[in-house]
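Visitor: Quick one, final_17.tsv (TSV, C-alpha atoms):
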chain	number	residue	atom	x	y	z
K	1	MET	CA	127.10	89.91	84.30
K	2	LEU	CA	127.39	93.47	83.15
K	3	ASN	CA	130.40	95.64	83.70
K	4	SER	CA	129.08	97.16	86.88
K	5	ALA	CA	128.22	93.81	88.37
K	6	TYR	CA	131.04	93.86	90.87
K	7	LEU	CA	129.92	97.04	92.60
K	8	ASP	CA	127.71	96.16	95.50
K	9	GLU	CA	124.80	98.57	95.03
K	10	VAL	CA	123.36	97.67	98.42
K	11	ARG	CA	126.47	97.98	100.56
K	12	ASP	CA	128.88	100.25	98.69
K	13	PRO	CA	129.27	103.33	100.92
K	14	LEU	CA	129.89	105.83	98.11
K	15	LEU	CA	126.85	104.65	96.14
K	16	ILE	CA	124.78	104.88	99.32
K	17	ALA	CA	126.08	108.42	99.97
K	18	GLU	CA	125.01	109.48	96.49
K	19	ASP	CA	121.63	107.88	96.99
K	20	TRP	CA	121.13	109.61	100.34
K	21	MET	CA	122.14	112.93	98.78
K	22	LYS	CA	119.59	112.46	95.97
K	23	ASN	CA	116.96	111.88	98.64
K	24	GLY	CA	117.74	115.26	100.17
K	25	LYS	CA	119.68	114.00	103.17
K	26	ASP	CA	122.69	115.70	104.74
K	27	VAL	CA	125.63	113.35	104.54
K	28	ALA	CA	129.17	113.08	105.92
K	29	ILE	CA	131.87	110.85	104.45
K	30	ALA	CA	134.62	109.43	106.66
K	31	THR	CA	137.73	108.00	104.99
K	32	VAL	CA	140.69	106.10	106.43
K	33	VAL	CA	143.63	108.17	105.13
K	34	GLU	CA	146.49	106.57	107.03
K	35	THR	CA	147.16	103.41	108.99
K	36	TRP	CA	150.07	102.26	111.15
K	37	GLY	CA	150.67	98.76	112.37
K	38	SER	CA	147.80	96.37	112.43
K	39	ALA	CA	144.70	98.20	111.21
K	40	PRO	CA	141.46	96.42	110.38
K	41	ARG	CA	140.53	98.50	107.31
K	42	GLN	CA	143.01	99.75	104.77
K	43	ALA	CA	143.47	103.34	103.64
K	44	GLY	CA	140.63	104.41	101.37
K	45	SER	CA	137.88	102.62	103.33
K	46	HIS	CA	134.72	104.64	103.91
K	47	LEU	CA	132.03	105.10	106.50
K	48	VAL	CA	129.12	107.29	105.39
K	49	ILE	CA	126.80	108.93	107.91
K	50	ASP	CA	123.53	110.86	107.61
K	51	ALA	CA	122.25	113.58	109.91
K	52	GLU	CA	120.11	111.09	111.84
K	53	GLY	CA	123.19	109.04	112.71
K	54	ASN	CA	122.48	106.22	110.24
K	55	PHE	CA	125.71	104.84	108.86
K	56	GLN	CA	127.01	102.36	106.27
K	57	GLY	CA	130.46	100.97	105.58
K	58	SER	CA	133.35	100.89	108.03
K	59	VAL	CA	136.65	102.50	108.95
K	60	SER	CA	137.63	99.83	111.50
K	61	GLY	CA	136.31	96.49	112.60
K	62	GLY	CA	133.49	98.22	114.44
K	63	CYS	CA	135.82	99.56	117.15
K	64	VAL	CA	135.73	103.31	116.50
K	65	GLU	CA	132.65	103.71	114.31
K	66	GLY	CA	130.58	105.09	117.19
K	67	ALA	CA	133.06	107.88	117.82
K	68	VAL	CA	133.34	108.67	114.11
K	69	VAL	CA	129.55	108.91	113.78
K	70	ALA	CA	129.41	111.38	116.69
K	71	GLU	CA	132.10	113.56	115.09
K	72	ALA	CA	130.38	113.27	111.72
K	73	LEU	CA	127.18	114.78	113.11
K	74	ASP	CA	129.22	117.85	114.18
K	75	VAL	CA	130.82	118.00	110.74
K	76	ILE	CA	127.41	117.88	109.05
K	77	GLY	CA	126.34	120.77	111.30
K	78	SER	CA	129.41	122.96	110.86
K	79	GLY	CA	130.48	121.97	107.33
K	80	LYS	CA	134.10	121.97	108.56
K	81	ALA	CA	136.11	118.83	107.82
K	82	ARG	CA	138.02	117.14	110.66
K	83	MET	CA	140.96	114.79	110.93
K	84	LEU	CA	140.53	112.15	113.64
K	85	GLU	CA	143.21	109.88	114.98
K	86	PHE	CA	142.69	106.65	116.84
K	87	GLY	CA	145.29	104.40	118.38
K	88	VAL	CA	146.18	102.45	121.46
K	89	ALA	CA	148.31	105.32	122.76
K	90	ASP	CA	145.28	107.59	122.75
K	91	GLU	CA	143.08	107.26	125.79
K	92	THR	CA	139.88	108.01	123.89
K	93	ALA	CA	140.76	105.43	121.30
K	94	TRP	CA	141.53	102.92	124.01
K	95	GLN	CA	138.08	103.58	125.42
K	96	VAL	CA	136.40	103.12	122.09
K	97	GLY	CA	138.73	100.22	121.59
K	98	LEU	CA	140.98	99.83	118.58
K	99	SER	CA	141.96	96.55	120.17
K	100	CYS	CA	144.05	95.34	117.26
K	101	GLY	CA	146.86	97.62	118.45
K	102	GLY	CA	147.10	99.71	115.30
K	103	ARG	CA	146.60	103.42	114.69
K	104	ILE	CA	144.41	105.03	112.09
K	105	LYS	CA	143.74	108.52	110.82
K	106	VAL	CA	140.22	109.23	109.58
K	107	TYR	CA	139.22	112.27	107.54
K	108	VAL	CA	135.61	113.33	108.04
K	109	GLU	CA	134.01	115.75	105.60
K	110	ARG	CA	130.55	116.91	104.68
K	111	LEU	CA	129.14	116.03	101.28
K	112	GLY	CA	128.36	119.35	99.63
X	1	MET	CA	133.32	116.23	99.15
X	2	ASP	CA	131.86	118.00	96.17
X	3	PRO	CA	128.57	116.31	95.19
X	4	TYR	CA	129.46	116.56	91.52
X	5	VAL	CA	132.80	114.85	92.22
X	6	LEU	CA	131.02	112.01	94.02
X	7	LYS	CA	128.63	111.56	91.08
X	8	THR	CA	131.51	111.55	88.61
X	9	LEU	CA	133.49	109.06	90.69
X	10	ASN	CA	130.54	106.70	91.06
X	11	ALA	CA	129.81	106.91	87.32
X	12	GLU	CA	133.41	105.90	86.55
X	13	ARG	CA	133.23	103.03	89.03
X	14	ARG	CA	129.92	101.80	87.61
X	15	ALA	CA	131.42	101.83	84.11
X	16	ARG	CA	134.42	99.74	85.29
X	17	ARG	CA	136.89	102.55	84.59
X	18	ALA	CA	139.81	103.19	86.93
X	19	ALA	CA	139.79	106.53	88.76
X	20	VAL	CA	141.75	108.19	91.54
X	21	LEU	CA	139.98	110.62	93.86
X	22	VAL	CA	142.46	113.33	94.88
X	23	THR	CA	141.56	115.22	98.06
X	24	ASP	CA	143.54	118.19	99.35
X	25	LEU	CA	143.47	117.50	103.09
X	26	GLY	CA	144.18	121.17	103.78
X	27	ASP	CA	141.20	122.82	102.13
X	28	GLY	CA	139.07	119.75	101.39
X	29	ARG	CA	138.95	120.35	97.63
X	30	ASP	CA	138.74	117.19	95.55
X	31	ARG	CA	138.74	116.02	91.98
X	32	VAL	CA	138.57	112.81	89.97
X	33	VAL	CA	141.58	111.82	87.86
X	34	ARG	CA	141.01	109.23	85.15
X	35	GLU	CA	143.62	106.74	83.98
X	36	GLY	CA	145.67	108.41	81.24
X	37	ASP	CA	145.01	111.99	82.46
X	38	THR	CA	148.21	113.96	82.79
X	39	VAL	CA	149.06	115.39	86.20
X	40	ALA	CA	152.44	117.08	86.59
X	41	GLY	CA	155.15	116.64	89.19
X	42	ASP	CA	155.34	114.49	92.31
X	43	LEU	CA	151.58	114.41	92.61
X	44	GLY	CA	151.33	113.00	89.08
X	45	ALA	CA	153.91	110.31	89.87
X	46	ALA	CA	152.01	109.35	93.02
X	47	ILE	CA	148.74	109.17	91.09
X	48	GLU	CA	150.34	106.94	88.48
X	49	ARG	CA	151.58	104.66	91.27
X	50	ALA	CA	148.07	104.53	92.73
X	51	PHE	CA	146.68	103.42	89.36
X	52	ARG	CA	149.31	100.72	89.04
X	53	THR	CA	149.15	99.29	92.54
X	54	GLY	CA	145.53	100.02	93.37
X	55	LEU	CA	146.72	101.22	96.78
X	56	SER	CA	145.34	104.37	98.40
X	57	GLY	CA	147.49	106.65	100.54
X	58	SER	CA	148.58	110.14	101.51
X	59	VAL	CA	151.22	112.13	99.71
X	60	GLU	CA	152.99	115.33	100.77
X	61	THR	CA	154.06	117.61	97.97
X	62	GLU	CA	154.52	121.34	97.39
X	63	GLY	CA	153.80	121.95	101.07
X	64	ARG	CA	150.37	120.36	100.80
X	65	SER	CA	148.96	117.06	101.91
X	66	PHE	CA	146.82	115.05	99.50
X	67	PHE	CA	144.93	111.82	99.92
X	68	LEU	CA	144.76	109.61	96.85
X	69	ASN	CA	141.94	107.09	96.88
X	70	ALA	CA	142.48	104.53	94.13
X	71	HIS	CA	139.34	103.00	92.67
X	72	LEU	CA	140.28	100.16	90.35
X	73	PRO	CA	137.62	97.93	88.82
X	74	GLN	CA	137.56	94.42	90.19
X	75	PRO	CA	139.67	92.24	87.89
X	76	ARG	CA	137.77	89.32	86.43
X	77	LEU	CA	138.44	86.30	84.27
X	78	VAL	CA	136.49	85.13	81.24
X	79	VAL	CA	137.21	81.53	80.29
X	80	ILE	CA	136.34	80.40	76.77
X	81	GLY	CA	135.74	76.68	77.07
X	82	ALA	CA	133.82	74.68	79.66
X	83	VAL	CA	136.50	72.01	79.73
X	84	HIS	CA	138.25	69.99	82.44
X	85	ILE	CA	140.87	72.72	83.04
X	86	SER	CA	138.10	75.31	83.48
X	87	GLN	CA	136.41	73.18	86.11
X	88	ALA	CA	139.52	73.57	88.27
X	89	LEU	CA	140.40	77.10	87.17
X	90	ALA	CA	137.01	78.69	87.89
X	91	PRO	CA	136.81	77.96	91.64
X	92	MET	CA	140.54	78.64	92.16
X	93	ALA	CA	140.35	82.01	90.44
X	94	ARG	CA	137.24	82.96	92.36
X	95	ILE	CA	138.99	82.22	95.68
X	96	ALA	CA	141.96	84.31	94.55
X	97	GLY	CA	139.65	87.31	94.02
X	98	TYR	CA	139.07	87.04	90.27
X	99	PRO	CA	135.39	86.31	89.58
X	100	VAL	CA	134.97	83.99	86.62
X	101	GLU	CA	132.54	83.57	83.76
X	102	ILE	CA	132.57	80.55	81.48
X	103	VAL	CA	131.57	80.70	77.82
X	104	ASP	CA	131.16	77.62	75.63
X	105	PRO	CA	128.52	77.10	72.92
X	106	ARG	CA	128.81	73.32	73.29
X	107	THR	CA	125.87	72.55	75.54
X	108	ALA	CA	127.27	69.16	76.48
X	109	PHE	CA	130.21	70.93	78.13
X	110	ALA	CA	128.54	74.03	79.53
X	111	THR	CA	126.27	72.42	82.11
X	112	PRO	CA	125.53	73.56	85.66
X	113	ASP	CA	126.36	70.06	86.84
X	114	ARG	CA	129.92	70.47	85.68
X	115	PHE	CA	130.13	74.09	86.92
X	116	PRO	CA	128.07	74.43	90.07
X	117	ASP	CA	127.43	78.06	91.13
X	118	MET	CA	129.43	79.50	88.23
X	119	PRO	CA	128.15	82.09	85.78
X	120	LEU	CA	127.91	79.99	82.66
X	121	HIS	CA	126.99	80.93	79.08
X	122	ALA	CA	126.16	78.05	76.71
X	123	GLU	CA	126.48	80.44	73.77
X	124	TRP	CA	128.97	81.60	71.17
X	125	PRO	CA	131.54	84.12	72.46
X	126	GLN	CA	130.32	86.53	69.74
X	127	ASP	CA	126.90	86.70	71.37
X	128	VAL	CA	128.07	86.89	74.97
X	129	LEU	CA	130.77	89.50	74.32
X	130	ALA	CA	128.38	91.68	72.32
X	131	ARG	CA	126.23	91.90	75.44
X	132	GLN	CA	129.06	92.07	77.95
X	133	PRO	CA	132.10	93.71	76.43
X	134	LEU	CA	135.61	92.89	77.61
X	135	ASP	CA	137.78	95.62	79.12
X	136	GLY	CA	141.27	96.35	80.43
X	137	TYR	CA	140.46	94.85	83.83
X	138	THR	CA	139.38	91.55	82.35
X	139	ALA	CA	141.57	88.52	81.66
X	140	LEU	CA	140.62	86.08	78.93
X	141	ALA	CA	141.78	82.48	78.69
X	142	ALA	CA	140.78	80.51	75.60
X	143	VAL	CA	141.04	76.81	76.29
X	144	THR	CA	138.68	75.02	73.89
X	145	HIS	CA	141.35	74.04	71.34
X	146	ASP	CA	138.72	74.86	68.71
X	147	PRO	CA	139.49	77.81	66.41
X	148	LYS	CA	135.79	78.27	65.65
X	149	ILE	CA	135.22	79.11	69.32
X	150	ASP	CA	138.57	80.57	70.46
X	151	ASP	CA	139.63	82.85	67.61
X	152	PHE	CA	136.89	85.45	67.79
X	153	ALA	CA	137.26	85.73	71.57
X	154	LEU	CA	141.04	86.15	71.31
X	155	LYS	CA	140.68	88.94	68.77
X	156	ALA	CA	138.05	90.64	70.94
X	157	ALA	CA	140.31	90.38	74.00
X	158	LEU	CA	143.25	91.95	72.17
X	159	ASP	CA	141.03	94.73	70.77
X	160	ALA	CA	139.67	95.47	74.28
X	161	ARG	CA	143.21	95.58	75.74
X	162	CYS	CA	142.46	92.83	78.24
X	163	PHE	CA	145.24	92.79	80.86
X	164	TYR	CA	145.80	89.11	80.12
X	165	VAL	CA	145.12	87.03	77.02
X	166	GLY	CA	146.07	83.35	77.07
X	167	ALA	CA	145.41	80.51	74.66
X	168	LEU	CA	145.82	76.79	75.18
X	169	GLY	CA	147.77	74.86	72.58
X	170	SER	CA	151.19	73.60	71.61
X	171	ARG	CA	153.68	75.81	69.81
X	172	LYS	CA	152.60	74.21	66.54
X	173	THR	CA	148.93	74.85	67.26
X	174	HIS	CA	149.76	78.42	68.20
X	175	ALA	CA	151.74	78.98	64.99
X	176	LYS	CA	148.62	78.10	63.00
X	177	ARG	CA	146.56	80.35	65.26
X	178	VAL	CA	148.92	83.25	64.59
X	179	GLU	CA	148.40	82.82	60.84
X	180	ARG	CA	144.63	82.81	61.25
X	181	LEU	CA	144.67	85.91	63.47
X	182	LEU	CA	146.91	87.74	60.99
X	183	ALA	CA	144.41	86.85	58.28
X	184	LEU	CA	141.68	88.36	60.47
X	185	GLY	CA	143.63	91.61	60.47
X	186	VAL	CA	145.11	91.41	63.98
X	187	GLY	CA	148.48	93.16	64.26
X	188	ALA	CA	151.63	91.17	65.00
X	189	ASP	CA	152.32	93.28	68.14
X	190	ASP	CA	148.92	92.41	69.49
X	191	ILE	CA	149.31	88.74	68.68
X	192	ALA	CA	152.60	88.76	70.62
X	193	ARG	CA	150.60	89.65	73.73
X	194	ILE	CA	148.92	86.22	73.71
X	195	HIS	CA	150.37	83.89	76.33
X	196	SER	CA	150.83	80.59	74.54
X	197	PRO	CA	151.68	77.92	75.51
X	198	ILE	CA	149.38	78.98	78.32
X	199	GLY	CA	150.43	79.21	81.97
X	200	VAL	CA	153.69	79.77	83.84
X	201	ASP	CA	156.14	76.93	83.43
X	202	ILE	CA	155.76	74.80	86.57
X	203	GLY	CA	155.75	71.49	84.72
X	204	ALA	CA	151.98	71.27	85.05
X	205	ALA	CA	150.60	67.93	83.84
X	206	SER	CA	147.03	67.45	85.08
X	207	PRO	CA	144.14	69.78	84.21
X	208	ALA	CA	144.13	71.12	87.79
X	209	GLU	CA	147.87	71.81	87.67
X	210	ILE	CA	147.46	73.63	84.36
X	211	ALA	CA	144.73	75.69	86.06
X	212	VAL	CA	147.24	76.70	88.76
X	213	ALA	CA	149.76	77.69	86.06
X	214	VAL	CA	147.14	79.80	84.22
X	215	LEU	CA	145.93	81.50	87.40
X	216	ALA	CA	149.52	82.36	88.38
X	217	GLU	CA	150.05	83.90	84.94
X	218	VAL	CA	146.84	85.94	85.26
X	219	ILE	CA	147.86	87.27	88.69
X	220	ASN	CA	151.33	88.13	87.45
X	221	ALA	CA	149.89	89.99	84.48
X	222	PHE	CA	147.54	91.97	86.71
X	223	ARG	CA	150.12	92.89	89.33
X	224	SER	CA	152.70	93.98	86.77
X	225	ARG	CA	150.40	95.95	84.42
X	226	GLY	CA	152.02	99.37	84.78
X	227	LEU	CA	155.51	97.93	84.90
X	228	GLN	CA	155.10	96.26	81.54
X	229	ARG	CA	153.80	99.45	80.00
X	230	LYS	CA	156.82	101.31	81.32
X	231	GLY	CA	159.19	98.65	80.07
X	232	LYS	CA	157.80	98.95	76.57
X	233	ALA	CA	158.04	102.72	76.51
X	234	ALA	CA	161.69	102.68	77.56
Translate the structure of the given file into structure tokens.
Guide:
Amino acid sequence: MLNSAYLDEVRDPLLIAEDWMKNGKDVAIATVVETWGSAPRQAGSHLVIDAEGNFQGSVSGGCVEGAVVAEALDVIGSGKARMLEFGVADETAWQVGLSCGGRIKVYVERLG
Amino acid sequence: MDPYVLKTLNAERRARRAAVLVTDLGDGRDRVVREGDTVAGDLGAAIERAFRTGLSGSVETEGRSFFLNAHLPQPRLVVIGAVHISQALAPMARIAGYPVEIVDPRTAFATPDRFPDMPLHAEWPQDVLARQPLDGYTALAAVTHDPKIDDFALKAALDARCFYVGALGSRKTHAKRVERLLALGVGADDIARIHSPIGVDIGAASPAEIAVAVLAEVINAFRSRGLQRKGKAA
């Protein structure tokens, strides 16, 4: 195995984002920047989204990805980064269901 | 994220080099910091911590908020010797999150039957390591007991600054090994980095128990990397 063998070229969100970019797509990158309590993905985890709403990676166990993708499409359009917060205290988050009971902060930015 | 920053970060990750992506959450500017780069102040201290622990997180300093995303290469373990200990060590290490490769030129030992589903090289370490160089995020355990096979790999591991270098053998065996490595031009400081007798002292007797002792030593070496460096500098 070569040195790079432990990067998953097929599923690694940052490699996918670079690949999408090279193919001329508009891309947003979402990153978990803070977690409190029981959170499914640790800080640093990524979800990458293209302008058609295709996404790879995760920022939770599938609970809030839909909401993040929707916000990401706005971010791709405006170019302005956003900080999102999800938690059980937040009604929206409850609806999209971070059922583990934790809270997470997700930074969404456009690539380029 | 700046496209150039993403390309740089991915290139570092592909090359198995540690990097921290620093993002200013206020204005969105980002940059890649490589291990060993100097960054001043509280931010520099936080970056150093991220390199040591591999943990990502936010840091507030100078009235700004930064996110530090630590990208450390996956640690891995190269075992020289397809012996009984390795048969236990390889699956244990893999479960613990340290992928393993086995190298042993003795084709009677290095067989898929003895090591099912394990990357296995029935070749001399010289040949394998020329193709797949060791690095600072690799641990190397030499357990053949045969200087012809172990010595070159040990020297290569010390030269590549592997985070762990261990060698099987009694104190007497190791004393002879030290003489041979000195003769090969390896420095005494480097030789002192070799863990021998191998493994933490848990009174291990069977090959599988020795494997547990070696794996514990590898994990300890990985989790205390930065701390050891600091200790030496002080």
Visitor: Write out, as JSON lines, each residue of chain X that has an atom at most 10 Å from chain K, together with the closest pair of atoms and their distance in Å to one decimal, counting all atoms listed in the file, rows going by chain and rising number.
Guide:
{"residue": "X:Met1", "atom": "CA", "partner": "K:Leu111", "partner_atom": "CA", "distance": 4.7}
{"residue": "X:Asp2", "atom": "CA", "partner": "K:Gly112", "partner_atom": "CA", "distance": 5.1}
{"residue": "X:Pro3", "atom": "CA", "partner": "K:Gly112", "partner_atom": "CA", "distance": 5.4}
{"residue": "X:Tyr4", "atom": "CA", "partner": "K:Gly112", "partner_atom": "CA", "distance": 8.6}
{"residue": "X:Val5", "atom": "CA", "partner": "K:Gly112", "partner_atom": "CA", "distance": 9.7}
{"residue": "X:Leu6", "atom": "CA", "partner": "K:Glu18", "partner_atom": "CA", "distance": 7.0}
{"residue": "X:Lys7", "atom": "CA", "partner": "K:Glu18", "partner_atom": "CA", "distance": 6.8}
{"residue": "X:Leu9", "atom": "CA", "partner": "K:Leu14", "partner_atom": "CA", "distance": 8.9}
{"residue": "X:Asn10", "atom": "CA", "partner": "K:Leu15", "partner_atom": "CA", "distance": 6.6}
{"residue": "X:Ala11", "atom": "CA", "partner": "K:Leu15", "partner_atom": "CA", "distance": 9.6}
{"residue": "X:Glu12", "atom": "CA", "partner": "K:Ser4", "partner_atom": "CA", "distance": 9.8}
{"residue": "X:Arg13", "atom": "CA", "partner": "K:Ser4", "partner_atom": "CA", "distance": 7.5}
{"residue": "X:Arg14", "atom": "CA", "partner": "K:Ser4", "partner_atom": "CA", "distance": 4.8}
{"residue": "X:Ala15", "atom": "CA", "partner": "K:Ser4", "partner_atom": "CA", "distance": 5.9}
{"residue": "X:Arg16", "atom": "CA", "partner": "K:Asn3", "partner_atom": "CA", "distance": 6.0}
{"residue": "X:Arg17", "atom": "CA", "partner": "K:Asn3", "partner_atom": "CA", "distance": 9.5}
{"residue": "X:Leu21", "atom": "CA", "partner": "K:Gly44", "partner_atom": "CA", "distance": 9.8}
{"residue": "X:Leu25", "atom": "CA", "partner": "K:Tyr107", "partner_atom": "CA", "distance": 8.1}
{"residue": "X:Gly26", "atom": "CA", "partner": "K:Ala81", "partner_atom": "CA", "distance": 9.3}
{"residue": "X:Asp27", "atom": "CA", "partner": "K:Ala81", "partner_atom": "CA", "distance": 8.6}
{"residue": "X:Gly28", "atom": "CA", "partner": "K:Ala81", "partner_atom": "CA", "distance": 7.1}
{"residue": "X:Leu55", "atom": "CA", "partner": "K:Ala43", "partner_atom": "CA", "distance": 7.9}
{"residue": "X:Ser56", "atom": "CA", "partner": "K:Gly44", "partner_atom": "CA", "distance": 5.6}
{"residue": "X:Gly57", "atom": "CA", "partner": "K:Ala43", "partner_atom": "CA", "distance": 6.1}
{"residue": "X:Ser58", "atom": "CA", "partner": "K:Val33", "partner_atom": "CA", "distance": 6.4}
{"residue": "X:Phe66", "atom": "CA", "partner": "K:Val33", "partner_atom": "CA", "distance": 9.4}
{"residue": "X:Phe67", "atom": "CA", "partner": "K:Val33", "partner_atom": "CA", "distance": 6.5}
{"residue": "X:Leu68", "atom": "CA", "partner": "K:Gly44", "partner_atom": "CA", "distance": 8.0}
{"residue": "X:Asn69", "atom": "CA", "partner": "K:Gly44", "partner_atom": "CA", "distance": 5.4}
{"residue": "X:Ala70", "atom": "CA", "partner": "K:Gly44", "partner_atom": "CA", "distance": 7.5}
{"residue": "X:His71", "atom": "CA", "partner": "K:Gly44", "partner_atom": "CA", "distance": 8.9}
{"residue": "X:Pro73", "atom": "CA", "partner": "K:Tyr6", "partner_atom": "CA", "distance": 8.0}
{"residue": "X:Gln74", "atom": "CA", "partner": "K:Tyr6", "partner_atom": "CA", "distance": 6.6}
{"residue": "X:Pro75", "atom": "CA", "partner": "K:Tyr6", "partner_atom": "CA", "distance": 9.3}
{"residue": "X:Arg76", "atom": "CA", "partner": "K:Tyr6", "partner_atom": "CA", "distance": 9.3}
{"residue": "X:Pro99", "atom": "CA", "partner": "K:Tyr6", "partner_atom": "CA", "distance": 8.8}
{"residue": "X:Glu101", "atom": "CA", "partner": "K:Met1", "partner_atom": "CA", "distance": 8.4}
{"residue": "X:Pro119", "atom": "CA", "partner": "K:Met1", "partner_atom": "CA", "distance": 8.0}
{"residue": "X:Val128", "atom": "CA", "partner": "K:Met1", "partner_atom": "CA", "distance": 9.9}
{"residue": "X:Arg131", "atom": "CA", "partner": "K:Leu2", "partner_atom": "CA", "distance": 8.0}
{"residue": "X:Gln132", "atom": "CA", "partner": "K:Leu2", "partner_atom": "CA", "distance": 5.6}
{"residue": "X:Pro133", "atom": "CA", "partner": "K:Asn3", "partner_atom": "CA", "distance": 7.7}
{"residue": "X:Leu134", "atom": "CA", "partner": "K:Asn3", "partner_atom": "CA", "distance": 8.5}
{"residue": "X:Asp135", "atom": "CA", "partner": "K:Asn3", "partner_atom": "CA", "distance": 8.7}
{"residue": "X:Thr138", "atom": "CA", "partner": "K:Asn3", "partner_atom": "CA", "distance": 10.0}
Visitor: Could those residues be written to a file, using C-alpha atoms, as a PDB file, in the coordinates of the input?
Guide:
ATOM      1  CA  MET X   1     133.320 116.230  99.150  1.00  0.00           C
ATOM      2  CA  ASP X   2     131.860 118.000  96.170  1.00  0.00           C
ATOM      3  CA  PRO X   3     128.570 116.310  95.190  1.00  0.00           C
ATOM      4  CA  TYR X   4     129.460 116.560  91.520  1.00  0.00           C
ATOM      5  CA  VAL X   5     132.800 114.850  92.220  1.00  0.00           C
ATOM      6  CA  LEU X   6     131.020 112.010  94.020  1.00  0.00           C
ATOM      7  CA  LYS X   7     128.630 111.560  91.080  1.00  0.00           C
ATOM      8  CA  LEU X   9     133.490 109.060  90.690  1.00  0.00           C
ATOM      9  CA  ASN X  10     130.540 106.700  91.060  1.00  0.00           C
ATOM     10  CA  ALA X  11     129.810 106.910  87.320  1.00  0.00           C
ATOM     11  CA  GLU X  12     133.410 105.900  86.550  1.00  0.00           C
ATOM     12  CA  ARG X  13     133.230 103.030  89.030  1.00  0.00           C
ATOM     13  CA  ARG X  14     129.920 101.800  87.610  1.00  0.00           C
ATOM     14  CA  ALA X  15     131.420 101.830  84.110  1.00  0.00           C
ATOM     15  CA  ARG X  16     134.420  99.740  85.290  1.00  0.00           C
ATOM     16  CA  ARG X  17     136.890 102.550  84.590  1.00  0.00           C
ATOM     17  CA  LEU X  21     139.980 110.620  93.860  1.00  0.00           C
ATOM     18  CA  LEU X  25     143.470 117.500 103.090  1.00  0.00           C
ATOM     19  CA  GLY X  26     144.180 121.170 103.780  1.00  0.00           C
ATOM     20  CA  ASP X  27     141.200 122.820 102.130  1.00  0.00           C
ATOM     21  CA  GLY X  28     139.070 119.750 101.390  1.00  0.00           C
ATOM     22  CA  LEU X  55     146.720 101.220  96.780  1.00  0.00           C
ATOM     23  CA  SER X  56     145.340 104.370  98.400  1.00  0.00           C
ATOM     24  CA  GLY X  57     147.490 106.650 100.540  1.00  0.00           C
ATOM     25  CA  SER X  58     148.580 110.140 101.510  1.00  0.00           C
ATOM     26  CA  PHE X  66     146.820 115.050  99.500  1.00  0.00           C
ATOM     27  CA  PHE X  67     144.930 111.820  99.920  1.00  0.00           C
ATOM     28  CA  LEU X  68     144.760 109.610  96.850  1.00  0.00           C
ATOM     29  CA  ASN X  69     141.940 107.090  96.880  1.00  0.00           C
ATOM     30  CA  ALA X  70     142.480 104.530  94.130  1.00  0.00           C
ATOM     31  CA  HIS X  71     139.340 103.000  92.670  1.00  0.00           C
ATOM     32  CA  PRO X  73     137.620  97.930  88.820  1.00  0.00           C
ATOM     33  CA  GLN X  74     137.560  94.420  90.190  1.00  0.00           C
ATOM     34  CA  PRO X  75     139.670  92.240  87.890  1.00  0.00           C
ATOM     35  CA  ARG X  76     137.770  89.320  86.430  1.00  0.00           C
ATOM     36  CA  PRO X  99     135.390  86.310  89.580  1.00  0.00           C
ATOM     37  CA  GLU X 101     132.540  83.570  83.760  1.00  0.00           C
ATOM     38  CA  PRO X 119     128.150  82.090  85.780  1.00  0.00           C
ATOM     39  CA  VAL X 128     128.070  86.890  74.970  1.00  0.00           C
ATOM     40  CA  ARG X 131     126.230  91.900  75.440  1.00  0.00           C
ATOM     41  CA  GLN X 132     129.060  92.070  77.950  1.00  0.00           C
ATOM     42  CA  PRO X 133     132.100  93.710  76.430  1.00  0.00           C
ATOM     43  CA  LEU X 134     135.610  92.890  77.610  1.00  0.00           C
ATOM     44  CA  ASP X 135     137.780  95.620  79.120  1.00  0.00           C
ATOM     45  CA  THR X 138     139.380  91.550  82.350  1.00  0.00           C
TER      46      THR X 138
END
Visitor: Which polymer residues have any atom within 12 Å of an atom of Val212 (chain X), counting all atoms listed in the file, with same-chain residues fewer than 4 positions away left out, as a PyMOL selection string?
Guide: chain X and resi 85-93+96+198-208+216-219
Visitor: With C-alpha atoms kept, could you save the residues just selected as a CSV table (one decimal), in the frame of the given file?
Guide:
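This went into again_39.csv:
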chain,number,residue,atom,x,y,z
X,85,ILE,CA,140.9,72.7,83.0
X,86,SER,CA,138.1,75.3,83.5
X,87,GLN,CA,136.4,73.2,86.1
X,88,ALA,CA,139.5,73.6,88.3
X,89,LEU,CA,140.4,77.1,87.2
X,90,ALA,CA,137.0,78.7,87.9
X,91,PRO,CA,136.8,78.0,91.6
X,92,MET,CA,140.5,78.6,92.2
X,93,ALA,CA,140.4,82.0,90.4
X,96,ALA,CA,142.0,84.3,94.6
X,198,ILE,CA,149.4,79.0,78.3
X,199,GLY,CA,150.4,79.2,82.0
X,200,VAL,CA,153.7,79.8,83.8
X,201,ASP,CA,156.1,76.9,83.4
X,202,ILE,CA,155.8,74.8,86.6
X,203,GLY,CA,155.8,71.5,84.7
X,204,ALA,CA,152.0,71.3,85.0
X,205,ALA,CA,150.6,67.9,83.8
X,206,SER,CA,147.0,67.4,85.1
X,207,PRO,CA,144.1,69.8,84.2
X,208,ALA,CA,144.1,71.1,87.8
X,216,ALA,CA,149.5,82.4,88.4
X,217,GLU,CA,150.0,83.9,84.9
X,218,VAL,CA,146.8,85.9,85.3
X,219,ILE,CA,147.9,87.3,88.7
Visitor: Just the residues within 9 Å of region 177-189 of chain X, please, counting only C-alpha atoms, with nothing from its chain fewer than 6 positions along; format it as a list in words.
Guide: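 Neighbouring residues, sequence-local ones excluded: Pro147, Asp151, Phe152, Leu154, Lys155, Leu158 and Asp159 of chain X.
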Visitor: Kindly give the distance, in Å, that separates CA of Leu77 (chain X) and CA of Phe222 (chain X), rounded to a single decimal.
Guide: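 Computing it gives 11.0 Å between the two atoms.
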